[in-house]
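Participant: Got query-v2.cif for you, mmCIF, C-alpha atoms:
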```
data_upload
loop_
_atom_site.label_atom_id
_atom_site.label_comp_id
_atom_site.auth_asym_id
_atom_site.auth_seq_id
_atom_site.Cartn_x
_atom_site.Cartn_y
_atom_site.Cartn_z
CA MET Q 1 118.85 118.50 70.45
CA SER Q 2 121.07 115.78 71.92
CA LEU Q 3 119.74 113.24 74.40
CA LEU Q 4 122.08 114.57 77.06
CA THR Q 5 120.80 118.13 76.59
CA GLU Q 6 117.20 116.90 76.86
CA TRP Q 7 118.05 115.00 80.05
CA ARG Q 8 119.78 117.96 81.65
CA GLU Q 9 116.95 120.33 80.74
CA GLN Q 10 114.40 118.01 82.32
CA ALA Q 11 116.50 117.14 85.38
CA TYR Q 12 117.73 120.61 86.21
CA SER Q 13 114.80 122.70 84.98
CA GLN Q 14 114.19 125.80 87.08
CA GLU Q 15 110.60 126.02 85.87
CA VAL Q 16 109.21 123.10 87.89
CA ASP Q 17 107.97 123.49 91.45
CA LYS Q 18 109.87 121.98 94.36
CA ARG Q 19 107.43 119.09 94.89
CA THR Q 20 107.58 118.01 91.23
CA SER Q 21 111.37 118.18 91.31
CA GLN Q 22 111.54 116.09 94.49
CA MET Q 23 109.22 113.46 92.99
CA PHE Q 24 111.30 113.36 89.78
CA TRP Q 25 114.57 112.84 91.69
CA ALA Q 26 113.08 110.29 94.11
CA ASN Q 27 111.90 108.25 91.11
CA TYR Q 28 115.27 108.63 89.36
CA PHE Q 29 117.26 107.59 92.45
CA ASN Q 30 115.05 104.53 92.93
CA ILE Q 31 115.62 103.42 89.31
CA GLU Q 32 119.34 104.22 89.55
CA LYS Q 33 119.64 102.10 92.69
CA GLY Q 34 117.97 99.16 90.92
CA ILE Q 35 120.35 99.39 87.96
CA TYR Q 36 123.39 99.53 90.26
CA GLU Q 37 122.14 96.54 92.23
CA GLU Q 38 122.06 94.53 89.01
CA LEU Q 39 125.42 95.83 87.77
CA LEU Q 40 127.21 95.19 91.06
CA SER Q 41 125.69 91.71 91.37
CA ASN Q 42 127.50 90.65 88.17
CA PRO Q 43 130.79 92.58 88.32
CA ASP Q 44 132.55 90.51 85.65
CA GLU Q 45 129.84 91.06 83.02
CA VAL Q 46 130.43 94.17 80.92
CA VAL Q 47 126.95 95.27 79.92
CA SER Q 48 126.81 96.86 76.48
CA GLY Q 49 124.29 97.75 73.80
CA THR Q 50 122.59 100.79 72.35
CA VAL Q 51 121.18 103.40 74.70
CA GLU Q 52 117.68 102.24 73.75
CA GLU Q 53 118.52 98.55 74.37
CA LEU Q 54 119.89 99.35 77.83
CA ALA Q 55 116.77 101.38 78.66
CA GLN Q 56 114.68 98.34 77.71
CA LYS Q 57 116.99 95.93 79.60
CA TYR Q 58 116.60 97.94 82.81
CA ASP Q 59 112.91 98.65 82.16
CA THR Q 60 113.23 102.42 82.18
CA SER Q 61 112.72 105.37 79.85
CA LEU Q 62 115.34 106.52 77.38
CA ASN Q 63 115.65 109.81 79.25
CA ILE Q 64 116.34 108.14 82.62
CA MET Q 65 118.92 105.85 80.98
CA VAL Q 66 120.69 108.90 79.56
CA GLY Q 67 120.79 110.38 83.08
CA PHE Q 68 122.24 107.12 84.40
CA LEU Q 69 124.89 107.08 81.65
CA ASP Q 70 125.74 110.69 82.47
CA GLY Q 71 126.22 109.78 86.13
CA ILE Q 72 128.32 106.64 85.65
CA ASN Q 73 130.48 107.94 82.78
CA ASP Q 74 133.37 109.18 84.98
CA SER Q 75 133.60 105.73 86.59
CA LEU Q 76 133.87 103.73 83.36
CA VAL Q 77 137.05 102.10 82.11
CA ASN Q 78 136.20 103.38 78.61
CA PRO Q 79 133.90 106.44 78.86
CA ASN Q 80 130.94 106.67 76.50
CA PRO Q 81 130.44 109.56 74.04
CA ILE Q 82 127.60 110.99 76.13
CA GLU Q 83 127.74 114.49 74.62
CA THR Q 84 126.91 113.22 71.13
CA MET Q 85 124.98 110.01 71.73
CA ASP Q 86 121.57 109.22 70.35
CA LYS Q 87 119.28 106.24 71.02
CA ASP Q 88 121.27 104.03 68.60
CA THR Q 89 124.73 104.83 70.03
CA GLN Q 90 126.64 101.75 71.28
CA VAL Q 91 127.58 102.20 74.93
CA ASN Q 92 129.09 99.98 77.60
CA LEU Q 93 128.94 99.91 81.38
CA GLY Q 94 132.39 98.43 82.10
CA TYR Q 95 133.21 100.22 85.35
CA ASP Q 96 136.28 100.55 87.54
CA LYS Q 97 135.11 99.33 90.99
CA GLU Q 98 137.26 101.66 93.07
CA LYS Q 99 136.59 104.70 90.91
CA LEU Q 100 132.84 104.00 91.01
CA TYR Q 101 132.82 103.67 94.81
CA TYR Q 102 134.92 106.84 95.18
CA ASN Q 103 132.58 108.80 92.87
CA MET Q 104 129.51 107.56 94.75
CA VAL Q 105 131.03 108.85 97.99
CA GLU Q 106 131.86 112.15 96.28
CA ALA Q 107 128.23 112.46 95.13
CA LYS Q 108 127.10 111.77 98.73
CA ALA Q 109 125.01 108.89 97.33
CA ASP Q 110 124.87 106.78 100.50
CA TRP Q 111 122.01 104.73 99.02
CA LEU Q 112 124.53 103.58 96.38
CA TYR Q 113 127.85 103.23 98.19
CA GLY Q 114 125.97 101.53 101.04
CA LEU Q 115 124.57 98.75 98.83
CA PRO Q 116 125.27 95.25 100.19
CA GLN Q 117 126.69 94.18 96.80
CA TRP Q 118 129.86 96.14 97.62
CA ASP Q 119 130.71 93.57 100.32
CA SER Q 120 131.81 91.04 97.70
CA LEU Q 121 133.52 93.60 95.43
CA LEU Q 122 135.76 95.59 97.77
CA SER Q 123 136.97 94.73 101.25
CA GLU Q 124 135.59 96.78 104.12
CA GLU Q 125 139.08 98.18 104.75
CA ARG Q 126 139.45 99.29 101.11
CA ARG Q 127 136.01 100.93 101.14
CA LYS Q 128 136.91 102.81 104.32
CA GLU Q 129 140.20 103.85 102.76
CA LEU Q 130 138.46 105.14 99.59
CA TYR Q 131 135.87 106.91 101.73
CA ARG Q 132 138.56 108.69 103.79
CA GLU Q 133 140.56 109.50 100.65
CA GLN Q 134 137.55 111.14 99.02
CA LYS Q 135 136.55 113.08 102.13
CA LYS Q 136 140.12 114.27 102.64
CA SER Q 137 140.30 115.51 99.01
CA GLY Q 138 137.76 118.24 99.81
CA THR Q 139 139.48 119.40 103.02
CA ILE Q 140 141.47 122.60 102.87
CA VAL Q 141 144.38 122.74 105.31
CA LYS Q 142 145.63 126.23 106.15
CA GLU Q 143 149.27 126.62 106.95
CA LYS Q 144 150.22 128.21 110.26
CA LYS Q 145 150.56 131.95 109.83
CA ILE Q 146 153.99 133.40 110.49
CA GLY Q 147 153.96 136.01 113.26
CA ARG Q 148 155.96 139.24 113.00
CA ASN Q 149 158.30 138.19 115.80
CA ASP Q 150 158.68 134.54 114.75
CA PRO Q 151 161.98 133.35 113.26
CA CYS Q 152 162.01 133.85 109.50
CA PRO Q 153 161.25 130.63 107.60
CA CYS Q 154 164.08 131.37 105.15
CA GLY Q 155 166.53 130.21 107.83
CA SER Q 156 168.44 133.50 108.25
CA GLY Q 157 167.95 133.48 112.03
CA LYS Q 158 166.41 136.97 111.97
CA LYS Q 159 162.90 137.81 113.04
CA TYR Q 160 160.40 137.62 110.19
CA LYS Q 161 159.67 141.38 110.43
CA GLN Q 162 163.38 142.18 109.99
CA CYS Q 163 163.92 139.75 107.09
CA CYS Q 164 161.42 138.53 104.53
CA GLY Q 165 158.52 140.28 106.24
CA LYS Q 166 159.89 143.71 105.28
CA ASN Q 167 158.69 143.39 101.71
CA VAL Q 168 155.18 142.30 102.65
#
```
So, in terms of structure tokens, how does the structure I just supplied come out?
Facilitator:
Amino acid sequence: MSLLTEWREQAYSQEVDKRTSQMFWANYFNIEKGIYEELLSNPDEVVSGTVEELAQKYDTSLNIMVGFLDGINDSLVNPNPIETMDKDTQVNLGYDKEKLYYNMVEAKADWLYGLPQWDSLLSEERRKELYREQKKSGTIVKEKKIGRNDPCPCGSGKKYKQCCGKNV
């Protein structure tokens, strides 16, 4: 069984009670926040190594590191082979700042996109812009419905019911 499969089974298991699940995720989010604080503090350093080495570097379990790699993968400049990785797979954490911020907003991870380390990485205006862009991407805008007696949008000058609305 791959490391990613093990992680997902543990993280999303339906067999654990609500309290155990909440404790698991609270612990994970706390560790994740610590890793991001370190990564964002040194934005020019591309951290790399085996999955096991990174788990040791950030003082966490292999399983939690796999979860972290799963979460950050979409924000990396060169994504890691997370589907097939094992403890000896070489991975890197070279992230795209804007993509990472955008994905944190998408995940509603305010404890991550609200970190003070972002102040030196992206301007406040750019962060607001990325925030709005992400929030707008999930908004569905309905077009105004054409009434039966409205002018037909085809430009014929007839009422909609007498023109294109006949076939509807």
Participant: Using the chain letters and numbers from the file, which residues does the PyMOL selection byres ((chain Q and resi 5-17) around 10) grab, as a PDB file with C-alpha atoms, in the frame of the given file?
Facilitator:
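Saved as expr18.pdb:
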```pdb
ATOM      1  CA  MET Q   1     118.850 118.500  70.450  1.00  0.00           C
ATOM      2  CA  SER Q   2     121.070 115.780  71.920  1.00  0.00           C
ATOM      3  CA  LEU Q   3     119.740 113.240  74.400  1.00  0.00           C
ATOM      4  CA  LEU Q   4     122.080 114.570  77.060  1.00  0.00           C
ATOM      5  CA  LYS Q  18     109.870 121.980  94.360  1.00  0.00           C
ATOM      6  CA  ARG Q  19     107.430 119.090  94.890  1.00  0.00           C
ATOM      7  CA  THR Q  20     107.580 118.010  91.230  1.00  0.00           C
ATOM      8  CA  SER Q  21     111.370 118.180  91.310  1.00  0.00           C
ATOM      9  CA  GLN Q  22     111.540 116.090  94.490  1.00  0.00           C
ATOM     10  CA  PHE Q  24     111.300 113.360  89.780  1.00  0.00           C
ATOM     11  CA  TRP Q  25     114.570 112.840  91.690  1.00  0.00           C
ATOM     12  CA  TYR Q  28     115.270 108.630  89.360  1.00  0.00           C
ATOM     13  CA  LEU Q  62     115.340 106.520  77.380  1.00  0.00           C
ATOM     14  CA  ASN Q  63     115.650 109.810  79.250  1.00  0.00           C
ATOM     15  CA  ILE Q  64     116.340 108.140  82.620  1.00  0.00           C
ATOM     16  CA  MET Q  65     118.920 105.850  80.980  1.00  0.00           C
ATOM     17  CA  VAL Q  66     120.690 108.900  79.560  1.00  0.00           C
ATOM     18  CA  GLY Q  67     120.790 110.380  83.080  1.00  0.00           C
ATOM     19  CA  PHE Q  68     122.240 107.120  84.400  1.00  0.00           C
ATOM     20  CA  ASP Q  70     125.740 110.690  82.470  1.00  0.00           C
ATOM     21  CA  ILE Q  82     127.600 110.990  76.130  1.00  0.00           C
ATOM     22  CA  GLU Q  83     127.740 114.490  74.620  1.00  0.00           C
ATOM     23  CA  THR Q  84     126.910 113.220  71.130  1.00  0.00           C
TER      24      THR Q  84
END
```
Participant: List the residues selected by the PyMOL selection byres ((chain Q and resi 138-152) around 10) in the file shown, writing them as a PyMOL selection string.
Facilitator: chain Q and resi 106+133-137+153-166
Participant: Run the PyMOL selection byres ((chain Q and resi 46) around 9) mentally over the shown coordinates, then write out the matched residues as a ChimeraX atom specification, using the chain letters and numbers from the document.
Facilitator: /Q:39,42-45,47-48,92-95
Participant: Of the candidates Q:Ser123, Q:Leu115, Q:Met85, Q:Lys97, which one gets nearest to Glu37 in chain Q if we count all atoms listed in the file?
Facilitator: Q:Leu115
Participant: CA of Asn78 in chain Q to CA of Glu125 in chain Q: how many Å, to one decimal?
Facilitator: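 Taking CA of Asn78 in chain Q as the start and CA of Glu125 in chain Q as the end point, the length is 26.8 Å.
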Participant: Just the number, please: distance in Å from CA of Leu100 in chain Q to CA of Val77 in chain Q, one decimal.
Facilitator: 10.0 Å
Participant: Can you tell me how far CA of Ile72 in chain Q sits from CA of Ile35 in chain Q, in Å to one decimal?
Facilitator: 11.0 Å
Participant: Let me make sure I understand: among Q:Asn167, Q:Leu54, Q:Leu76, Q:Lys33, which one has the smallest atom-to-atom distance to Glu98 in chain Q if we use all atoms listed in the file?
Facilitator: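 Counting all atoms listed in the file, the residue closest to Glu98 in chain Q is Q:Leu76.
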Participant: Given the choices Q:Val91, Q:Leu69, Q:Ala107, Q:Leu122, which gets closest to Tyr36 in chain Q if the distance is worked out from only C-alpha atoms?
Facilitator: Q:Leu69
Participant: What's around Tyr58 in chain Q at 10 Å? Count only C-alpha atoms, leave out sequence neighbours fewer than 5 positions away in its own chain, and write the answer as an mmCIF file with C-alpha atoms, in the coordinates of the input.
Facilitator:
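Produced file result28.cif, reproduced below:
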```
data_model
loop_
_atom_site.group_PDB
_atom_site.id
_atom_site.type_symbol
_atom_site.label_atom_id
_atom_site.label_comp_id
_atom_site.auth_asym_id
_atom_site.auth_seq_id
_atom_site.Cartn_x
_atom_site.Cartn_y
_atom_site.Cartn_z
ATOM 1 C CA ILE Q 31 115.620 103.420 89.310
ATOM 2 C CA GLU Q 32 119.340 104.220 89.550
ATOM 3 C CA GLY Q 34 117.970 99.160 90.920
ATOM 4 C CA ILE Q 35 120.350 99.390 87.960
ATOM 5 C CA GLU Q 38 122.060 94.530 89.010
ATOM 6 C CA GLU Q 53 118.520 98.550 74.370
ATOM 7 C CA MET Q 65 118.920 105.850 80.980
#
```
